[in-house]
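Data file: protein.tsv. Format and content: TSV, C-alpha atoms and all ligand atoms.
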```
chain	number	residue	atom	x	y	z
A	1078	MET	CA	82.69	133.07	95.82
A	1079	GLN	CA	81.01	130.68	93.45
A	1080	GLN	CA	81.14	127.13	94.67
A	1081	GLY	CA	83.43	124.89	92.74
A	1082	ASN	CA	85.35	127.63	91.04
A	1083	GLY	CA	88.02	128.50	93.57
A	1084	THR	CA	89.71	131.88	93.61
A	1085	ASP	CA	92.24	133.14	91.14
A	1086	ASN	CA	94.95	131.14	92.84
A	1087	MET	CA	93.18	127.85	92.60
A	1088	LYS	CA	90.68	128.31	89.83
A	1089	ILE	CA	89.70	125.20	87.95
A	1090	TYR	CA	88.37	125.85	84.46
A	1091	GLY	CA	85.81	123.50	82.94
A	1092	ASN	CA	86.02	120.03	84.52
A	1093	ARG	CA	82.45	120.18	85.80
A	1094	LEU	CA	82.29	116.43	86.31
A	1095	LEU	CA	85.33	116.37	88.56
A	1096	LEU	CA	84.17	119.39	90.57
A	1097	ASP	CA	80.63	118.05	90.95
A	1098	THR	CA	81.96	114.69	92.10
A	1099	VAL	CA	84.13	116.11	94.88
A	1100	HIS	CA	81.58	118.71	95.97
A	1101	ASN	CA	78.77	116.17	96.12
A	1102	MET	CA	80.89	113.90	98.27
A	1103	SER	CA	81.88	116.76	100.51
A	1104	ALA	CA	78.29	118.04	100.87
A	1105	ARG	CA	77.18	114.60	102.00
A	1106	ASP	CA	80.20	114.36	104.28
A	1107	ARG	CA	81.23	111.25	102.43
A	1108	THR	CA	84.47	112.31	100.81
A	1109	ALA	CA	86.50	109.34	99.62
A	1110	HIS	CA	89.83	108.79	101.35
A	1111	SER	CA	91.85	108.33	98.18
A	1112	PHE	CA	91.85	110.03	94.80
A	1113	LEU	CA	93.66	109.37	91.55
A	1114	ILE	CA	93.68	112.35	89.21
A	1115	TYR	CA	94.86	111.38	85.74
A	1116	GLY	CA	95.35	113.02	82.36
A	1117	ASP	CA	97.88	114.65	80.04
A	1118	SER	CA	100.38	117.14	81.35
A	1119	GLY	CA	99.11	120.70	81.30
A	1120	LEU	CA	95.53	119.85	82.25
A	1121	GLY	CA	95.88	121.16	85.82
A	1122	LYS	CA	96.09	117.91	87.81
A	1123	LYS	CA	98.22	119.46	90.57
A	1124	THR	CA	95.85	122.40	90.95
A	1125	MET	CA	93.02	119.88	91.24
A	1126	ALA	CA	94.91	118.01	93.98
A	1127	ASP	CA	95.47	121.30	95.84
A	1128	TYR	CA	91.81	122.14	95.39
A	1129	ILE	CA	90.62	118.84	96.90
A	1130	ALA	CA	93.08	119.25	99.79
A	1131	ALA	CA	91.82	122.80	100.48
A	1132	LEU	CA	88.24	121.56	100.24
A	1133	LEU	CA	89.04	119.00	102.95
A	1134	VAL	CA	90.68	121.44	105.36
A	1135	CYS	CA	88.64	124.62	104.66
A	1136	GLU	CA	87.05	126.11	107.78
A	1137	ASN	CA	83.93	127.08	105.84
A	1138	GLU	CA	81.23	124.61	104.91
A	1139	THR	CA	81.08	125.40	101.23
A	1140	GLY	CA	84.81	125.47	100.68
A	1141	PRO	CA	87.36	125.88	99.54
A	1142	CYS	CA	86.82	129.55	100.39
A	1143	CYS	CA	90.49	130.34	99.68
A	1144	ALA	CA	90.28	133.03	102.38
A	1145	CYS	CA	90.36	131.20	105.73
A	1146	ARG	CA	93.67	130.36	107.39
A	1147	SER	CA	93.49	126.71	106.41
A	1148	CYS	CA	92.88	127.59	102.76
A	1149	THR	CA	95.60	130.24	102.59
A	1150	ASN	CA	98.08	127.84	104.18
A	1151	ALA	CA	97.00	125.13	101.76
A	1152	LEU	CA	97.42	127.52	98.83
A	1153	SER	CA	100.94	128.46	99.93
A	1154	HIS	CA	101.79	124.78	100.49
A	1155	VAL	CA	102.62	125.41	104.16
A	1156	HIS	CA	99.64	123.68	105.78
A	1157	PRO	CA	101.11	121.29	108.38
A	1158	ASP	CA	98.49	118.63	107.64
A	1159	ILE	CA	98.90	118.62	103.87
A	1160	ILE	CA	102.00	116.64	103.11
A	1161	TYR	CA	103.58	116.45	99.64
A	1162	ALA	CA	105.55	113.25	99.09
A	1163	GLU	CA	109.08	114.17	98.10
A	1164	HIS	CA	110.34	113.05	94.70
A	1165	SER	CA	113.74	111.45	94.47
A	1166	GLY	CA	116.09	109.81	92.00
A	1167	LYS	CA	116.72	110.56	88.35
A	1168	MET	CA	113.27	109.34	87.33
A	1169	GLY	CA	111.48	111.40	90.00
A	1170	GLY	CA	109.88	108.46	91.81
A	1171	PHE	CA	109.36	108.10	95.56
A	1172	SER	CA	112.06	106.40	97.62
A	1173	VAL	CA	111.40	103.46	99.93
A	1174	GLU	CA	112.33	105.74	102.82
A	1175	THR	CA	109.83	108.46	101.79
A	1176	VAL	CA	107.04	105.90	101.55
A	1177	ARG	CA	108.05	104.30	104.86
A	1178	ASN	CA	108.02	107.71	106.58
A	1179	ILE	CA	104.57	108.49	105.18
A	1180	CYS	CA	103.24	105.11	106.33
A	1181	ALA	CA	104.50	105.85	109.86
A	1182	ASP	CA	103.37	109.49	109.84
A	1183	ALA	CA	99.85	108.59	108.75
A	1184	TYR	CA	99.23	106.97	112.13
A	1185	ILE	CA	100.10	110.18	113.99
A	1186	LYS	CA	97.04	112.41	114.45
A	1187	PRO	CA	96.80	115.74	112.57
A	1188	ASN	CA	98.14	119.01	114.00
A	1189	ASN	CA	95.77	121.81	113.05
A	1190	THR	CA	92.68	120.29	111.53
A	1191	ASP	CA	90.86	116.99	111.85
A	1192	LYS	CA	92.37	115.72	108.60
A	1193	LYS	CA	95.73	114.81	107.20
A	1194	ILE	CA	96.29	114.72	103.45
A	1195	TYR	CA	99.15	113.09	101.57
A	1196	ILE	CA	99.70	114.21	97.99
A	1197	PHE	CA	101.81	112.29	95.49
A	1198	THR	CA	102.16	114.58	92.48
A	1199	ASP	CA	103.53	113.38	89.12
A	1200	ALA	CA	103.48	109.82	90.41
A	1201	ASP	CA	104.17	108.32	86.97
A	1202	ASN	CA	107.39	106.78	88.19
A	1203	ILE	CA	106.11	105.39	91.46
A	1204	THR	CA	107.46	101.84	91.81
A	1205	VAL	CA	105.39	98.72	92.32
A	1206	GLN	CA	107.25	98.26	95.61
A	1207	ALA	CA	106.25	101.75	96.80
A	1208	GLN	CA	102.64	101.11	95.80
A	1209	ASN	CA	102.60	97.80	97.63
A	1210	SER	CA	103.94	99.50	100.75
A	1211	LEU	CA	101.06	102.01	100.59
A	1212	LEU	CA	98.40	99.41	99.87
A	1213	LYS	CA	97.49	98.56	103.46
A	1214	LEU	CA	97.22	102.22	104.39
A	1215	ILE	CA	94.96	102.93	101.41
A	1216	GLU	CA	92.85	99.85	102.18
A	1217	GLU	CA	92.29	100.81	105.79
A	1218	PRO	CA	93.25	104.42	106.33
A	1219	PRO	CA	92.87	106.11	109.73
A	1220	ASP	CA	89.63	108.20	109.76
A	1221	TYR	CA	91.54	111.44	109.31
A	1222	ALA	CA	93.91	110.33	106.51
A	1223	TYR	CA	93.46	111.11	102.81
A	1224	PHE	CA	95.63	110.35	99.77
A	1225	ILE	CA	95.77	112.05	96.39
A	1226	PHE	CA	97.85	110.84	93.44
A	1227	THR	CA	98.33	112.60	90.11
A	1228	VAL	CA	99.50	110.61	87.08
A	1229	SER	CA	99.38	110.97	83.31
A	1230	ASP	CA	98.34	107.34	82.76
A	1231	ARG	CA	96.03	105.79	85.31
A	1232	ASN	CA	97.28	102.28	84.46
A	1233	ILE	CA	100.53	103.11	86.23
A	1234	ILE	CA	98.67	102.62	89.49
A	1235	LEU	CA	98.19	98.96	90.43
A	1236	GLU	CA	94.74	97.49	90.00
A	1237	THR	CA	94.70	96.59	93.72
A	1238	ILE	CA	95.02	100.29	94.56
A	1239	ARG	CA	92.83	101.55	91.72
A	1240	SER	CA	89.94	99.44	92.93
A	1241	ARG	CA	90.06	101.28	96.27
A	1242	ILE	CA	90.50	104.78	94.99
A	1243	ILE	CA	88.26	107.31	93.23
A	1244	SER	CA	89.65	107.93	89.73
A	1245	LEU	CA	89.01	111.40	88.33
A	1246	ALA	CA	89.94	112.38	84.79
A	1247	ALA	CA	91.44	115.82	84.27
A	1248	ALA	CA	89.63	116.85	81.12
A	1249	GLU	CA	90.48	119.26	78.35
A	1250	VAL	CA	88.47	122.45	78.47
A	1251	THR	CA	86.73	124.26	75.63
A	1252	ARG	CA	88.58	126.70	73.38
A	1253	ASP	CA	86.67	129.60	74.94
A	1254	GLU	CA	87.54	128.45	78.45
A	1255	THR	CA	91.18	128.23	77.35
A	1256	VAL	CA	91.15	131.82	76.12
A	1257	THR	CA	89.45	132.99	79.34
A	1258	ALA	CA	91.99	131.14	81.49
A	1259	LEU	CA	94.91	132.60	79.56
A	1260	THR	CA	93.66	136.19	79.59
A	1261	GLU	CA	92.89	135.88	83.31
A	1262	ASN	CA	96.52	134.85	83.71
A	1263	GLY	CA	97.75	138.05	82.13
A	1264	ILE	CA	98.11	136.89	78.51
A	1265	SER	CA	96.94	139.26	75.77
A	1266	GLU	CA	93.77	138.28	73.93
A	1267	GLN	CA	95.67	137.88	70.64
A	1268	ASP	CA	98.35	135.59	72.12
A	1269	ALA	CA	95.67	133.65	74.00
A	1270	ARG	CA	93.76	133.00	70.78
A	1271	GLU	CA	96.89	131.96	68.90
A	1272	ALA	CA	97.88	129.49	71.64
A	1273	ALA	CA	94.32	128.18	72.01
A	1274	GLU	CA	94.28	127.48	68.28
A	1275	LEU	CA	97.43	125.35	68.64
A	1276	PHE	CA	96.67	123.51	71.89
A	1277	SER	CA	92.92	124.00	72.17
A	1278	GLY	CA	91.79	122.56	75.50
A	1279	ASN	CA	95.10	122.31	77.32
A	1280	ILE	CA	95.73	125.51	79.30
A	1281	GLY	CA	99.10	124.37	80.68
A	1282	ARG	CA	100.46	123.61	77.22
A	1283	CYS	CA	99.25	126.98	75.95
A	1284	LEU	CA	101.10	128.74	78.78
A	1285	GLU	CA	104.19	126.67	78.12
A	1286	TYR	CA	104.04	127.59	74.44
A	1287	LEU	CA	103.68	131.28	75.18
A	1288	GLN	CA	106.51	131.27	77.69
A	1289	SER	CA	109.07	129.01	76.07
A	1290	ASP	CA	111.02	129.24	72.85
A	1291	GLN	CA	111.59	125.49	72.96
A	1292	MET	CA	107.87	124.89	72.68
A	1293	LYS	CA	107.63	127.29	69.73
A	1294	ASN	CA	110.49	125.41	68.09
A	1295	ALA	CA	108.70	122.12	68.77
A	1296	VAL	CA	105.51	123.38	67.10
A	1297	ASP	CA	107.55	124.51	64.10
A	1298	LEU	CA	109.31	121.18	63.74
A	1299	THR	CA	106.05	119.28	64.20
A	1300	LYS	CA	104.40	121.19	61.37
A	1301	LYS	CA	107.43	120.68	59.11
A	1302	THR	CA	107.49	116.94	59.88
A	1303	ALA	CA	103.76	116.65	59.18
A	1304	ASP	CA	104.27	118.45	55.85
A	1305	CYS	CA	107.00	115.96	54.92
A	1306	ILE	CA	104.72	113.02	55.75
A	1307	ILE	CA	101.91	114.56	53.68
A	1308	ASN	CA	104.29	115.16	50.75
A	1309	ARG	CA	105.86	111.69	50.98
A	1310	ASP	CA	109.22	113.33	51.63
A	1311	GLU	CA	111.01	110.56	53.52
A	1312	TYR	CA	114.34	112.31	53.65
A	1313	GLY	CA	112.66	115.47	54.98
A	1314	THR	CA	110.88	113.49	57.71
A	1315	LEU	CA	114.20	112.00	58.79
A	1316	ARG	CA	115.90	115.41	58.72
A	1317	CYS	CA	113.20	117.05	60.88
A	1318	LEU	CA	113.10	114.27	63.45
A	1319	THR	CA	116.90	114.14	63.57
A	1320	GLU	CA	116.92	117.87	64.28
A	1321	ALA	CA	114.41	117.33	67.10
A	1322	SER	CA	116.45	114.47	68.52
A	1323	ALA	CA	119.23	116.87	69.59
A	1324	ASP	CA	117.18	117.18	72.78
A	1325	LYS	CA	115.14	114.33	74.32
A	1326	ALA	CA	112.43	116.66	75.64
A	1327	LEU	CA	112.10	118.35	72.26
A	1328	LEU	CA	111.82	115.02	70.45
A	1329	LYS	CA	109.16	113.84	72.91
A	1330	ASN	CA	107.22	117.04	72.38
A	1331	VAL	CA	107.42	116.78	68.59
A	1332	ILE	CA	106.36	113.11	68.59
A	1333	GLU	CA	103.46	113.87	70.96
A	1334	MET	CA	102.25	116.76	68.83
A	1335	LEU	CA	102.68	114.80	65.62
A	1336	ASP	CA	100.67	111.98	67.14
A	1337	ARG	CA	97.88	114.43	67.97
A	1338	ILE	CA	97.75	115.56	64.35
A	1339	VAL	CA	97.55	111.91	63.23
A	1340	ARG	CA	94.82	111.17	65.78
A	1341	ASP	CA	92.97	114.28	64.61
A	1342	ALA	CA	93.27	112.96	61.04
A	1343	LEU	CA	91.40	109.86	62.19
A	1344	ALA	CA	88.80	111.77	64.20
A	1345	VAL	CA	87.93	114.45	61.63
A	1346	ARG	CA	86.38	111.83	59.37
A	1347	TYR	CA	83.55	111.53	61.84
A	1348	LEU	CA	83.68	114.79	63.82
A	1349	PRO	CA	85.06	117.60	61.65
A	1350	ASP	CA	85.54	119.90	64.65
A	1351	SER	CA	87.32	117.47	66.91
A	1352	ILE	CA	90.77	118.99	66.51
A	1353	THR	CA	93.04	118.75	69.56
A	1354	GLY	CA	96.44	118.98	67.89
A	1355	CYS	CA	98.39	121.99	66.68
A	1356	SER	CA	97.38	121.98	63.01
A	1357	ARG	CA	93.85	121.72	61.74
A	1358	GLU	CA	94.85	121.98	58.05
A	1359	ARG	CA	97.50	119.26	58.30
A	1360	ALA	CA	95.07	116.94	60.08
A	1361	HIS	CA	92.66	117.41	57.18
A	1362	SER	CA	95.42	116.87	54.56
A	1363	LEU	CA	96.54	113.67	56.27
A	1364	SER	CA	92.96	112.52	56.59
A	1365	SER	CA	92.28	112.89	52.89
A	1366	GLY	CA	95.70	111.64	51.73
A	1367	LEU	CA	96.05	108.54	53.90
A	1368	THR	CA	93.85	105.55	54.60
A	1369	MET	CA	92.51	105.07	58.12
A	1370	HIS	CA	94.62	101.97	58.45
A	1371	ALA	CA	97.76	103.95	57.57
A	1372	CYS	CA	96.89	106.65	60.14
A	1373	GLU	CA	96.30	104.01	62.82
A	1374	LYS	CA	99.62	102.33	62.08
A	1375	ILE	CA	101.51	105.64	62.11
A	1376	HIS	CA	99.84	106.54	65.41
A	1377	GLU	CA	101.00	103.22	66.88
A	1378	ALA	CA	104.55	103.79	65.60
A	1379	LEU	CA	104.65	107.27	67.16
A	1380	ALA	CA	103.33	105.99	70.49
A	1381	ARG	CA	105.93	103.20	70.44
A	1382	ALA	CA	108.78	105.63	69.68
A	1383	HIS	CA	107.59	107.97	72.43
A	1384	SER	CA	107.58	105.22	75.03
A	1385	LEU	CA	111.12	104.14	74.04
A	1386	ILE	CA	112.66	107.58	74.54
A	1387	ASP	CA	112.67	107.27	78.34
A	1388	LYS	CA	113.87	103.68	78.25
A	1389	ASN	CA	117.48	104.50	77.37
A	1390	VAL	CA	117.13	103.19	73.84
A	1391	ASN	CA	119.52	104.89	71.41
A	1392	ILE	CA	117.76	108.01	70.13
A	1393	LYS	CA	119.18	107.76	66.60
A	1394	LEU	CA	117.88	104.22	66.38
A	1395	ILE	CA	114.41	105.26	67.57
A	1396	VAL	CA	114.28	108.04	64.96
A	1397	SER	CA	115.45	105.89	62.06
A	1398	VAL	CA	113.10	103.02	62.92
A	1399	LEU	CA	110.24	105.50	63.25
A	1400	CYS	CA	110.98	107.11	59.89
A	1401	GLY	CA	111.17	103.70	58.24
A	1402	GLU	CA	107.83	102.72	59.75
A	1403	ILE	CA	106.15	105.98	58.71
A	1404	ALA	CA	107.39	105.51	55.12
A	1405	ALA	CA	106.15	101.92	55.06
A	1406	PHE	CA	102.78	102.59	56.73
A	1407	ARG	CA	102.26	105.63	54.51
A	1408	GLN	CA	101.72	103.16	51.62
A	1409	LEU	CA	99.01	101.12	53.36
A	1501	ZN	ZN	88.67	128.07	103.46
```

Same coordinates, now as structure tokens:
Amino acid sequence: MQQGNGTDNMKIYGNRLLLDTVHNMSARDRTAHSFLIYGDSGLGKKTMADYIAALLVCENETGPCCACRSCTNALSHVHPDIIYAEHSGKMGGFSVETVRNICADAYIKPNNTDKKIYIFTDADNITVQAQNSLLKLIEEPPDYAYFIFTVSDRNIILETIRSRIISLAAAEVTRDETVTALTENGISEQDAREAAELFSGNIGRCLEYLQSDQMKNAVDLTKKTADCIINRDEYGTLRCLTEASADKALLKNVIEMLDRIVRDALAVRYLPDSITGCSRERAHSLSSGLTMHACEKIHEALARAHSLIDKNVNIKLIVSVLCGEIAAFRQL
């Protein structure tokens, strides 16, 4: 097996920097005790966490071999020394009790290997209190203890913890790598190309798109909304976003994708090929029809609306404020 690639079950596409960093540490036997893997959803952060855990417990020197008992147990999430912190509550954070149990457990020696790894996936809603409880352990971990967090935004983790942890960005991959990843996961070449065109470097989002009607609906609504913005159709913009607001997740998806198109509109002025959103042509239309200042302001309004959706603010209010802002900023 090629080093740094994993097997089919744990293959990491692209992300050379991340792989080189962890393999170099491992080769020098100087693996950090704590990792923070951050980046958008769909970029494979959890697979990366599993990969680092398997690398730590693998019985072969140039692991993870994905064949030894430690690796296969790690892959099936049944390795006794790889512990996944349990999510709880409506927001999916980690309870005081879970954190307390981990803090106590970390001082008990490992069972099967000489390492014990605690993984906090999707830790975006980890509380400050939970982080403070973990701080001492992360500052001075027992020799055998390791911690891996995955988050979308690295700023969620307190500076006191971030300064003691290795931060690794989960990066987007190339369009070709996306197509390879999708076809290796059983997707037809044609579907893989279509999805890669929409979500370029994000393999997870491509898979989600291919497997869910909701995502297809979201792409449709995003394109329609973008058309309305381009055509100065304020009523149309409101109608599209109101339709999306029937479902919080759908609205979030549409706003995220719309924001990507707007950010692409800003980027294509300098790098014509730097498209990451789901519509190249609309990014170009926005870019030529709007000033940079207008694009920046609309991007800010979209980001603001997105962050309010989870904060129990009335959805209708968010949508109408957003539409008003887009109409106003459109004129800048
Ligand atoms: Zn192994």

statement: A straight line from CA of Pro1141 (chain A) to CA of Ile1264 (chain A) spans 26.1 Å

message: Could you list, as a PyMOL selection string, all protein and nucleic acid residues with an atom at most 12 Å from ligand ZN 1501 (chain A), counting only C-alpha atoms and all ligand atoms?
response: chain A and resi 1078+1080+1083-1084+1087+1128-1152+1190

task: Go through A:Ser1153, A:Thr1302, A:Asn1189, A:Gln1267 one by one, measure the shortest atom-to-atom distance of each to Leu1363 (chain A) using only C-alpha atoms, and give the residue with the smallest value.
output: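 Nearest to Leu1363 (chain A): A:Thr1302.
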
Residue neighbourhood Ala1248 (chain A), 8 Å, only C-alpha atoms, exclusion window fewer than 2 positions, as number ranges by chain: A: 1091-1092, 1116, 1120, 1246, 1250

task: Find the residues near Lys1374 (chain A): any atom within 9 Å, counting only C-alpha atoms, skip ones fewer than 6 places away on the same chain, and give them as a count of residues only.
output: 5

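Our summary of the geometry notes that CA of Thr1299 (chain A) is positioned 11.0 Å from CA of Glu1320 (chain A).
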
- request: Work out how far apart CA of Leu1343 (chain A) and CA of Ala1378 (chain A) are and give it in Å to one decimal.
  value: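 Here the two named atoms are 14.9 Å from each other.
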
field: Answer as number ranges by chain, residues within 10 Å of (88.1, 130.2, 78.0) using all atoms listed in the file
entry: A: 1090-1091, 1250-1261, 1269-1270, 1273, 1277-1278, 1280

message: Could you check the closest approach to Ala1200 (chain A) for each of A:Lys1301, A:Lys1186, A:Arg1177, A:Lys1123 and tell me which residue wins, using only C-alpha atoms?
response: A:Lys1123

- request: Dig up all the protein and nucleic acid residues within 12 Å of (96.8, 110.7, 92.9) in the file frame, using only C-alpha atoms, and format them as a count of residues only.
  value: 48

Return as AutoDock Vina command-line options the box centre and box size in Å, one decimal, for an axis-aligned box around all listed atoms of region 1270-1287 of chain A padded by 4 Å per side.
```
--center_x 98.0 --center_y 127.7 --center_z 74.5 --size_x 20.4 --size_y 18.7 --size_z 20.4
```

Nearest to Ile1306 (chain A) by atom-to-atom distance, counting only C-alpha atoms, from A:Ile1395, A:Leu1287, A:Ala1326, A:Ala1404: A:Ala1404

Shell around Thr1175 (chain A) at 9 Å using all atoms listed in the file, local window under 2 positions removed, as a VMD selection string: chain A and resid 1162 to 1165 1171 to 1173 1177 to 1180

task: Compare A:Cys1283, A:Ile1392, A:Tyr1347, A:Gly1366 by their minimum atom-to-atom distance to Leu1327 (chain A), counting all atoms listed in the file, and give me the closest one.
output: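 Of A:Cys1283, A:Ile1392, A:Tyr1347, A:Gly1366, the one nearest Leu1327 (chain A), counting all atoms listed in the file, is A:Ile1392.
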
field: Best match for closeness to Val1331 (chain A) among A:Val1099, A:Leu1379, A:Ala1222, A:Cys1372, counting all atoms listed in the file
entry: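 Going through A:Val1099, A:Leu1379, A:Ala1222, A:Cys1372 one by one, the smallest distance to Val1331 (chain A) is for A:Leu1379.
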
Restrict the output to region 1229-1240 of chain A and N, CA and C atoms, then write it as a PDB file, in the first residue's frame.
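Output file decode14.pdb follows:
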```pdb
ATOM      1  N   SER A1229     -15.974  22.821  11.945  1.00  0.00           N
ATOM      2  CA  SER A1229     -16.009  23.526  10.668  1.00  0.00           C
ATOM      3  C   SER A1229     -15.204  24.827  10.785  1.00  0.00           C
ATOM      4  N   ASP A1230     -15.326  25.499  11.938  1.00  0.00           N
ATOM      5  CA  ASP A1230     -14.630  26.771  12.119  1.00  0.00           C
ATOM      6  C   ASP A1230     -13.655  26.650  13.286  1.00  0.00           C
ATOM      7  N   ARG A1231     -12.378  26.812  12.995  1.00  0.00           N
ATOM      8  CA  ARG A1231     -11.381  26.571  14.047  1.00  0.00           C
ATOM      9  C   ARG A1231     -11.492  27.556  15.211  1.00  0.00           C
ATOM     10  N   ASN A1232     -12.125  28.724  14.961  1.00  0.00           N
ATOM     11  CA  ASN A1232     -12.247  29.714  16.037  1.00  0.00           C
ATOM     12  C   ASN A1232     -13.203  29.292  17.144  1.00  0.00           C
ATOM     13  N   ILE A1233     -13.934  28.205  16.902  1.00  0.00           N
ATOM     14  CA  ILE A1233     -14.825  27.684  17.945  1.00  0.00           C
ATOM     15  C   ILE A1233     -13.992  27.170  19.123  1.00  0.00           C
ATOM     16  N   ILE A1234     -12.800  26.701  18.822  1.00  0.00           N
ATOM     17  CA  ILE A1234     -11.933  26.179  19.878  1.00  0.00           C
ATOM     18  C   ILE A1234     -11.185  27.349  20.529  1.00  0.00           C
ATOM     19  N   LEU A1235     -11.198  27.359  21.857  1.00  0.00           N
ATOM     20  CA  LEU A1235     -10.582  28.460  22.608  1.00  0.00           C
ATOM     21  C   LEU A1235      -9.106  28.612  22.263  1.00  0.00           C
ATOM     22  N   GLU A1236      -8.669  29.854  22.282  1.00  0.00           N
ATOM     23  CA  GLU A1236      -7.274  30.158  21.966  1.00  0.00           C
ATOM     24  C   GLU A1236      -6.317  29.385  22.891  1.00  0.00           C
ATOM     25  N   THR A1237      -6.716  29.257  24.160  1.00  0.00           N
ATOM     26  CA  THR A1237      -5.862  28.529  25.119  1.00  0.00           C
ATOM     27  C   THR A1237      -5.636  27.086  24.682  1.00  0.00           C
ATOM     28  N   ILE A1238      -6.641  26.487  24.063  1.00  0.00           N
ATOM     29  CA  ILE A1238      -6.487  25.106  23.568  1.00  0.00           C
ATOM     30  C   ILE A1238      -5.779  25.123  22.216  1.00  0.00           C
ATOM     31  N   ARG A1239      -6.182  26.066  21.358  1.00  0.00           N
ATOM     32  CA  ARG A1239      -5.593  26.106  20.010  1.00  0.00           C
ATOM     33  C   ARG A1239      -4.075  26.278  20.033  1.00  0.00           C
ATOM     34  N   SER A1240      -3.603  26.996  21.061  1.00  0.00           N
ATOM     35  CA  SER A1240      -2.160  27.223  21.120  1.00  0.00           C
ATOM     36  C   SER A1240      -1.402  25.951  21.533  1.00  0.00           C
TER      37      SER A1240
END
```
